[in-house]
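Peer 1: Structure incoming, see below.
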Amino acid sequence: MARIVEMLAAEIPHEGRCLEIGIGTGRFALPLVRAGLSIVGVDISREMLRRLVINAGGSPPPIAVADATRLPFRDRTFTSAIAAHVLHLIPSWTIAVDELLRVLLPGGVLVASRGGRQTTGWQRMVNRHFFVEAGDPPWPPGVDRIEELDEHMQSRGAAVHALPELSSEGSSSISDLVDNLEAGRWSGCWSLDEPARRRAAASTREWAKAEIGDLDVPRPSVGSSVWHAYVVPGG
């Protein structure tokens, strides 16, 4: 997170205000505020915003409950914007992007990430088995690849700039991964009810023990974070 914040703080103009859609609990916004950015945030979830207020010690940046496809701001209000791990959750994601273009000043900057991905083989195998056992629900409802966003932004005349890919290495276990899936901690699980998650988790544990091995042994865990920056035409 420290590396991401440093990279974004260097990319986002410090003058003017920066809008984050899907600000959530302030995971990105609060460190960026501490880095000197003037953040305004919207989220469709009141509960997420309540948690942000707590995380901010009762003094959050300006926030509002709002739908990213109908932003409550005038045209050309912001010098920059952030769409972090949110566009894949919005079925009408192109409308949300066009709304961002509407409220950004000419020459403004949008930084966006589709979301992190697990890159080690055992993680991909376990994830895939879990979701197949859960009925293989369609996913995601919104943008799937960052290249789709690139194409849409280019069609609107924006310049595209890929930021350096960041990776993190650590260790985890099959048990940790399946526990998180069963608990529904990641957005890919949100369409699954608790009984479906429990059934899929039980099946996945049984399969993984037979096919991969010890569920509790630490295994290499690698994740990647891909961000692109877009410059709005007219600057």
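Residues are referred to by chain and number: the chain letter is A, B, ... according to the order shown in the structure tokens, the number counts from 1 in that chain, and ligands are numbered separately from 1 in the order shown.
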Please list as JSON, numbers by chain every residue within 8 Å of Gly26 in chain A, counting only C-alpha atoms and excluding residues in the same chain fewer than 3 positions away.
Peer 2: {"A": [23, 29, 30, 52, 55, 56]}
Peer 1: Go through range 125-210 of chain A and flag each residue having an atom no more than 10 Å from range 95-113 of chain A; for those, report the closest pair of atoms plus their distance in Å to one decimal, using only C-alpha atoms, ordered by chain and rising number, as a tab-separated table.
Peer 2:
residue	atom	partner	partner_atom	distance
A:Arg145	CA	A:Ser113	CA	9.5
A:Ile146	CA	A:Ser113	CA	7.1
A:Leu149	CA	A:Val97	CA	8.6
A:His152	CA	A:Val97	CA	8.5
A:Met153	CA	A:Val97	CA	8.2
A:Arg156	CA	A:Asp98	CA	8.6
A:Ala158	CA	A:Gly107	CA	9.1
A:Ala159	CA	A:Val109	CA	9.6
A:Val160	CA	A:Leu110	CA	9.7
A:His161	CA	A:Val111	CA	9.3
A:Ala162	CA	A:Val111	CA	9.6
A:Leu163	CA	A:Val111	CA	9.2
Peer 1: With only C-alpha atoms as the counted atoms, please give the residues lying no more than 12 Å from Leu192 in chain A, apart from itself and same-chain residues fewer than 3 positions off, as an mmCIF file with C-alpha atoms, in the first residue's frame.
Peer 2:
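Saved as result07.cif:
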data_model
loop_
_atom_site.group_PDB
_atom_site.id
_atom_site.type_symbol
_atom_site.label_atom_id
_atom_site.label_comp_id
_atom_site.auth_asym_id
_atom_site.auth_seq_id
_atom_site.Cartn_x
_atom_site.Cartn_y
_atom_site.Cartn_z
ATOM 1 C CA PHE A 130 -14.231 -22.913 -5.223
ATOM 2 C CA PHE A 131 -16.227 -20.899 -7.755
ATOM 3 C CA VAL A 132 -17.006 -23.936 -9.930
ATOM 4 C CA GLU A 133 -18.347 -25.698 -6.842
ATOM 5 C CA ALA A 134 -20.382 -22.576 -6.027
ATOM 6 C CA GLY A 135 -22.102 -22.734 -9.417
ATOM 7 C CA ASP A 136 -19.613 -20.657 -11.409
ATOM 8 C CA PRO A 137 -21.577 -17.393 -11.148
ATOM 9 C CA PRO A 138 -20.913 -14.869 -13.936
ATOM 10 C CA TRP A 139 -18.131 -12.510 -12.968
ATOM 11 C CA LEU A 181 -13.632 -17.277 0.289
ATOM 12 C CA GLU A 182 -16.046 -18.950 2.669
ATOM 13 C CA ALA A 183 -16.394 -15.749 4.703
ATOM 14 C CA GLY A 184 -17.197 -13.784 1.528
ATOM 15 C CA ARG A 185 -14.450 -11.244 2.154
ATOM 16 C CA TRP A 186 -13.777 -10.620 -1.535
ATOM 17 C CA SER A 187 -16.151 -9.048 -4.020
ATOM 18 C CA GLY A 188 -16.209 -12.158 -6.227
ATOM 19 C CA CYS A 189 -18.115 -13.899 -3.417
ATOM 20 C CA PRO A 195 -24.854 -21.839 2.429
ATOM 21 C CA ALA A 196 -23.376 -21.817 -1.104
ATOM 22 C CA ARG A 197 -20.056 -20.529 0.215
ATOM 23 C CA ARG A 198 -19.983 -23.169 2.967
ATOM 24 C CA ARG A 199 -20.666 -25.993 0.513
ATOM 25 C CA ALA A 200 -18.073 -24.748 -1.945
ATOM 26 C CA ALA A 201 -15.493 -24.306 0.809
#
Peer 1: Counting only C-alpha atoms, which residues of range 105-220 of chain A sit at most 7 Å from some atom of range 86-94 of chain A, and what is each one's closest atom pair with its distance in Å to one decimal, listed by chain and rising residue number, as JSON lines?
Peer 2:
{"residue": "A:Arg114", "atom": "CA", "partner": "A:His88", "partner_atom": "CA", "distance": 6.5}
{"residue": "A:Pro140", "atom": "CA", "partner": "A:His88", "partner_atom": "CA", "distance": 5.8}
{"residue": "A:Pro141", "atom": "CA", "partner": "A:Pro91", "partner_atom": "CA", "distance": 4.9}
{"residue": "A:Gly142", "atom": "CA", "partner": "A:His88", "partner_atom": "CA", "distance": 4.0}
{"residue": "A:Val143", "atom": "CA", "partner": "A:His88", "partner_atom": "CA", "distance": 4.4}
{"residue": "A:Asp144", "atom": "CA", "partner": "A:His88", "partner_atom": "CA", "distance": 6.0}
Peer 1: Could the residues in this selection be written to a file with N, CA and C atoms, as a tab-separated table (two decimals), in the first residue's frame?
Peer 2:
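New file again_17.tsv:
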chain	number	residue	atom	x	y	z
A	114	ARG	N	-8.09	-2.08	-12.16
A	114	ARG	CA	-9.12	-3.14	-12.20
A	114	ARG	C	-9.17	-3.89	-10.89
A	140	PRO	N	-16.78	-10.70	-13.88
A	140	PRO	CA	-17.41	-9.65	-13.06
A	140	PRO	C	-18.59	-9.03	-13.79
A	141	PRO	N	-19.42	-8.28	-13.07
A	141	PRO	CA	-20.53	-7.60	-13.73
A	141	PRO	C	-20.08	-6.40	-14.56
A	142	GLY	N	-18.92	-5.84	-14.22
A	142	GLY	CA	-18.42	-4.67	-14.92
A	142	GLY	C	-17.21	-4.98	-15.78
A	143	VAL	N	-16.27	-4.04	-15.82
A	143	VAL	CA	-15.08	-4.20	-16.66
A	143	VAL	C	-14.25	-5.38	-16.16
A	144	ASP	N	-13.74	-6.17	-17.09
A	144	ASP	CA	-12.96	-7.35	-16.71
A	144	ASP	C	-11.46	-7.10	-16.79
Peer 1: Within 9 Å of range 211-217 of chain A, which residues of range 72-175 of chain A come that close, and what is the closest atom pair and distance in Å for each? Count only C-alpha atoms and give it as JSON lines.
Peer 2:
{"residue": "A:Trp122", "atom": "CA", "partner": "A:Ile212", "partner_atom": "CA", "distance": 7.9}
{"residue": "A:Ser172", "atom": "CA", "partner": "A:Val217", "partner_atom": "CA", "distance": 8.0}
{"residue": "A:Ser173", "atom": "CA", "partner": "A:Asp216", "partner_atom": "CA", "distance": 5.4}
{"residue": "A:Ile174", "atom": "CA", "partner": "A:Leu215", "partner_atom": "CA", "distance": 4.9}
{"residue": "A:Ser175", "atom": "CA", "partner": "A:Leu215", "partner_atom": "CA", "distance": 5.2}
Peer 1: So which bits of range 104-210 of chain A end up strand (DSSP E) when you DSSP the backbone, as a ChimeraX atom specification?
Peer 2: /A:104-113,117-118,159-162,166-172
Peer 1: Just give me the gap between CA of Arg70 in chain A and CA of Leu49 in chain A in Å, one decimal is fine.
Peer 2: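 Going from CA of Arg70 in chain A over to CA of Leu49 in chain A covers 17.8 Å.
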Peer 1: A:Glu165, A:Glu15, A:Glu147, A:Glu20: which is nearest Arg3 in chain A, counting only C-alpha atoms?
Peer 2: A:Glu165
Peer 1: Residues near Val222 in chain A, anyone? I mean within 10 Å using only C-alpha atoms, not counting same-chain ones fewer than 2 positions away, as JSON, numbers by chain.
Peer 2: {"A": [117, 118, 119, 120, 121, 123, 167, 168, 169, 170, 171, 172, 219, 220, 224]}
Peer 1: Just want the 12 Å neighbourhood of Val33 in chain A, counted on only C-alpha atoms, with same-chain residues fewer than 4 positions away dropped. Output as a ChimeraX atom specification.
Peer 2: /A:5-6,8-9,12,14,17-20,26-29,37-41,56,59-62
Peer 1: What would the file look like if the residues just selected were written as a PDB file, in the first residue's frame with N, CA and C atoms?
Peer 2:
ATOM      1  N   VAL A   5       0.487   4.221  -2.779  1.00  0.00           N
ATOM      2  CA  VAL A   5       0.197   5.606  -2.397  1.00  0.00           C
ATOM      3  C   VAL A   5       1.273   6.533  -2.924  1.00  0.00           C
ATOM      4  N   GLU A   6       2.540   6.144  -2.802  1.00  0.00           N
ATOM      5  CA  GLU A   6       3.638   6.973  -3.312  1.00  0.00           C
ATOM      6  C   GLU A   6       3.509   7.171  -4.822  1.00  0.00           C
ATOM      7  N   LEU A   8       0.721   6.904  -6.717  1.00  0.00           N
ATOM      8  CA  LEU A   8      -0.455   7.699  -7.066  1.00  0.00           C
ATOM      9  C   LEU A   8      -0.261   9.172  -6.697  1.00  0.00           C
ATOM     10  N   ALA A   9       0.359   9.420  -5.561  1.00  0.00           N
ATOM     11  CA  ALA A   9       0.588  10.805  -5.134  1.00  0.00           C
ATOM     12  C   ALA A   9       1.498  11.539  -6.105  1.00  0.00           C
ATOM     13  N   ILE A  12      -1.007  12.087  -9.443  1.00  0.00           N
ATOM     14  CA  ILE A  12      -2.207  12.917  -9.331  1.00  0.00           C
ATOM     15  C   ILE A  12      -1.810  14.356  -9.024  1.00  0.00           C
ATOM     16  N   HIS A  14      -1.605  17.861  -7.353  1.00  0.00           N
ATOM     17  CA  HIS A  14      -1.913  18.233  -5.972  1.00  0.00           C
ATOM     18  C   HIS A  14      -2.764  19.491  -5.902  1.00  0.00           C
ATOM     19  N   ARG A  17      -9.148  19.544  -6.549  1.00  0.00           N
ATOM     20  CA  ARG A  17      -9.732  18.439  -5.791  1.00  0.00           C
ATOM     21  C   ARG A  17      -9.739  17.158  -6.612  1.00  0.00           C
ATOM     22  N   CYS A  18      -9.617  16.043  -5.912  1.00  0.00           N
ATOM     23  CA  CYS A  18      -9.585  14.722  -6.538  1.00  0.00           C
ATOM     24  C   CYS A  18     -10.807  13.931  -6.068  1.00  0.00           C
ATOM     25  N   LEU A  19     -11.588  13.422  -7.005  1.00  0.00           N
ATOM     26  CA  LEU A  19     -12.783  12.637  -6.685  1.00  0.00           C
ATOM     27  C   LEU A  19     -12.455  11.155  -6.731  1.00  0.00           C
ATOM     28  N   GLU A  20     -12.792  10.435  -5.655  1.00  0.00           N
ATOM     29  CA  GLU A  20     -12.684   8.975  -5.696  1.00  0.00           C
ATOM     30  C   GLU A  20     -14.078   8.363  -5.700  1.00  0.00           C
ATOM     31  N   GLY A  26     -12.016   4.014   2.833  1.00  0.00           N
ATOM     32  CA  GLY A  26     -10.898   4.956   2.826  1.00  0.00           C
ATOM     33  C   GLY A  26      -9.545   4.314   2.678  1.00  0.00           C
ATOM     34  N   ARG A  27      -9.524   3.079   2.185  1.00  0.00           N
ATOM     35  CA  ARG A  27      -8.257   2.352   2.072  1.00  0.00           C
ATOM     36  C   ARG A  27      -7.210   3.139   1.293  1.00  0.00           C
ATOM     37  N   PHE A  28      -7.612   3.747   0.181  1.00  0.00           N
ATOM     38  CA  PHE A  28      -6.689   4.558  -0.608  1.00  0.00           C
ATOM     39  C   PHE A  28      -6.786   6.034  -0.233  1.00  0.00           C
ATOM     40  N   ALA A  29      -8.002   6.499   0.021  1.00  0.00           N
ATOM     41  CA  ALA A  29      -8.218   7.937   0.217  1.00  0.00           C
ATOM     42  C   ALA A  29      -7.484   8.478   1.434  1.00  0.00           C
ATOM     43  N   LEU A  37      -3.122  15.288  -0.727  1.00  0.00           N
ATOM     44  CA  LEU A  37      -4.152  15.447  -1.746  1.00  0.00           C
ATOM     45  C   LEU A  37      -5.481  15.863  -1.114  1.00  0.00           C
ATOM     46  N   SER A  38      -6.260  16.640  -1.861  1.00  0.00           N
ATOM     47  CA  SER A  38      -7.594  17.062  -1.414  1.00  0.00           C
ATOM     48  C   SER A  38      -8.612  16.110  -2.027  1.00  0.00           C
ATOM     49  N   ILE A  39      -9.075  15.147  -1.243  1.00  0.00           N
ATOM     50  CA  ILE A  39      -9.935  14.074  -1.731  1.00  0.00           C
ATOM     51  C   ILE A  39     -11.400  14.365  -1.408  1.00  0.00           C
ATOM     52  N   VAL A  40     -12.264  14.097  -2.381  1.00  0.00           N
ATOM     53  CA  VAL A  40     -13.712  14.057  -2.183  1.00  0.00           C
ATOM     54  C   VAL A  40     -14.155  12.659  -2.585  1.00  0.00           C
ATOM     55  N   GLY A  41     -14.986  12.012  -1.786  1.00  0.00           N
ATOM     56  CA  GLY A  41     -15.336  10.628  -2.076  1.00  0.00           C
ATOM     57  C   GLY A  41     -16.823  10.368  -2.144  1.00  0.00           C
ATOM     58  N   ALA A  56     -11.163   7.320   9.870  1.00  0.00           N
ATOM     59  CA  ALA A  56     -10.584   8.661   9.810  1.00  0.00           C
ATOM     60  C   ALA A  56     -10.592   9.353  11.171  1.00  0.00           C
ATOM     61  N   SER A  59     -12.924  12.470  11.483  1.00  0.00           N
ATOM     62  CA  SER A  59     -12.675  13.649  10.645  1.00  0.00           C
ATOM     63  C   SER A  59     -12.336  13.208   9.222  1.00  0.00           C
ATOM     64  N   PRO A  60     -13.348  12.713   8.493  1.00  0.00           N
ATOM     65  CA  PRO A  60     -13.085  12.213   7.146  1.00  0.00           C
ATOM     66  C   PRO A  60     -12.999  13.350   6.138  1.00  0.00           C
ATOM     67  N   PRO A  61     -12.484  13.072   4.955  1.00  0.00           N
ATOM     68  CA  PRO A  61     -12.596  14.049   3.872  1.00  0.00           C
ATOM     69  C   PRO A  61     -14.066  14.175   3.476  1.00  0.00           C
ATOM     70  N   PRO A  62     -14.431  15.161   2.651  1.00  0.00           N
ATOM     71  CA  PRO A  62     -15.825  15.297   2.218  1.00  0.00           C
ATOM     72  C   PRO A  62     -16.295  14.029   1.498  1.00  0.00           C
TER      73      PRO A  62
END
Peer 1: Could you find all residues in range 46-193 of chain A that DSSP calls alpha helix (DSSP H) from the backbone, and write them as JSON, numbers by chain?
Peer 2: {"A": [46, 47, 48, 49, 50, 51, 52, 53, 54, 55, 93, 94, 95, 96, 97, 98, 99, 100, 101, 102, 103, 121, 122, 123, 124, 125, 126, 127, 128, 129, 130, 131, 132, 133, 146, 147, 148, 149, 150, 151, 152, 153, 154, 155, 174, 175, 176, 177, 178, 179, 180, 181, 182, 183]}
Peer 1: Include C-alpha atoms and write out the residues we just selected as a short mmCIF file (atom, residue, chain, number, x, y, z; two decimals), in the first residue's frame.
Peer 2:
data_model
loop_
_atom_site.label_atom_id
_atom_site.label_comp_id
_atom_site.auth_asym_id
_atom_site.auth_seq_id
_atom_site.Cartn_x
_atom_site.Cartn_y
_atom_site.Cartn_z
CA ARG A 46 -23.66 3.93 3.62
CA GLU A 47 -22.06 1.23 5.76
CA MET A 48 -18.74 1.61 3.93
CA LEU A 49 -18.84 5.35 4.55
CA ARG A 50 -19.64 4.84 8.22
CA ARG A 51 -16.53 2.68 8.48
CA LEU A 52 -14.51 5.37 6.68
CA VAL A 53 -15.58 7.94 9.27
CA ILE A 54 -14.39 5.61 12.03
CA ASN A 55 -11.11 4.91 10.22
CA TRP A 93 -19.23 0.93 -16.06
CA THR A 94 -18.95 2.92 -19.30
CA ILE A 95 -21.61 5.31 -17.98
CA ALA A 96 -19.63 5.71 -14.75
CA VAL A 97 -16.48 6.49 -16.75
CA ASP A 98 -18.34 9.02 -18.89
CA GLU A 99 -19.61 10.65 -15.70
CA LEU A 100 -16.01 10.97 -14.51
CA LEU A 101 -15.08 12.59 -17.81
CA ARG A 102 -17.98 15.01 -17.37
CA VAL A 103 -16.88 16.20 -13.92
CA GLY A 121 -0.63 -21.49 -9.60
CA TRP A 122 -2.00 -22.96 -6.39
CA GLN A 123 -4.01 -19.81 -5.66
CA ARG A 124 -5.57 -19.80 -9.11
CA MET A 125 -6.41 -23.51 -8.86
CA VAL A 126 -8.06 -23.18 -5.44
CA ASN A 127 -10.00 -20.08 -6.46
CA ARG A 128 -11.23 -21.72 -9.64
CA HIS A 129 -12.35 -24.91 -7.84
CA PHE A 130 -14.23 -22.91 -5.22
CA PHE A 131 -16.23 -20.90 -7.75
CA VAL A 132 -17.01 -23.94 -9.93
CA GLU A 133 -18.35 -25.70 -6.84
CA ILE A 146 -7.87 -2.85 -17.76
CA GLU A 147 -7.42 -2.93 -21.55
CA GLU A 148 -11.21 -2.54 -21.90
CA LEU A 149 -10.98 0.70 -19.96
CA ASP A 150 -8.03 1.78 -22.12
CA GLU A 151 -10.12 1.29 -25.26
CA HIS A 152 -13.08 3.22 -23.86
CA MET A 153 -10.92 6.12 -22.70
CA GLN A 154 -9.11 6.27 -26.03
CA SER A 155 -12.47 6.39 -27.81
CA ILE A 174 -4.81 -23.08 1.34
CA SER A 175 -6.74 -22.90 4.59
CA ASP A 176 -6.31 -19.11 4.73
CA LEU A 177 -7.48 -18.71 1.14
CA VAL A 178 -10.53 -20.96 1.50
CA ASP A 179 -11.45 -19.36 4.83
CA ASN A 180 -11.52 -15.94 3.14
CA LEU A 181 -13.63 -17.28 0.29
CA GLU A 182 -16.05 -18.95 2.67
CA ALA A 183 -16.39 -15.75 4.70
#
Peer 1: Just to confirm, what's the straight-line distance from CA of Gly22 in chain A to CA of Val42 in chain A in Å (one decimal)?
Peer 2: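 We find that CA of Gly22 in chain A and CA of Val42 in chain A lie 5.9 Å from each other.
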Peer 1: Could you please determine the separation between CA of Gly16 in chain A and CA of Ala68 in chain A in Å, to one decimal place?
Peer 2: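 Those two atoms sit 20.2 Å apart.
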Peer 1: Please provide as a ChimeraX atom specification all residues within 9 Å of Leu166 in chain A, with the sequence filter that same-chain residues fewer than 4 positions apart are discarded (counting only C-alpha atoms).
Peer 2: /A:3-4,223-227
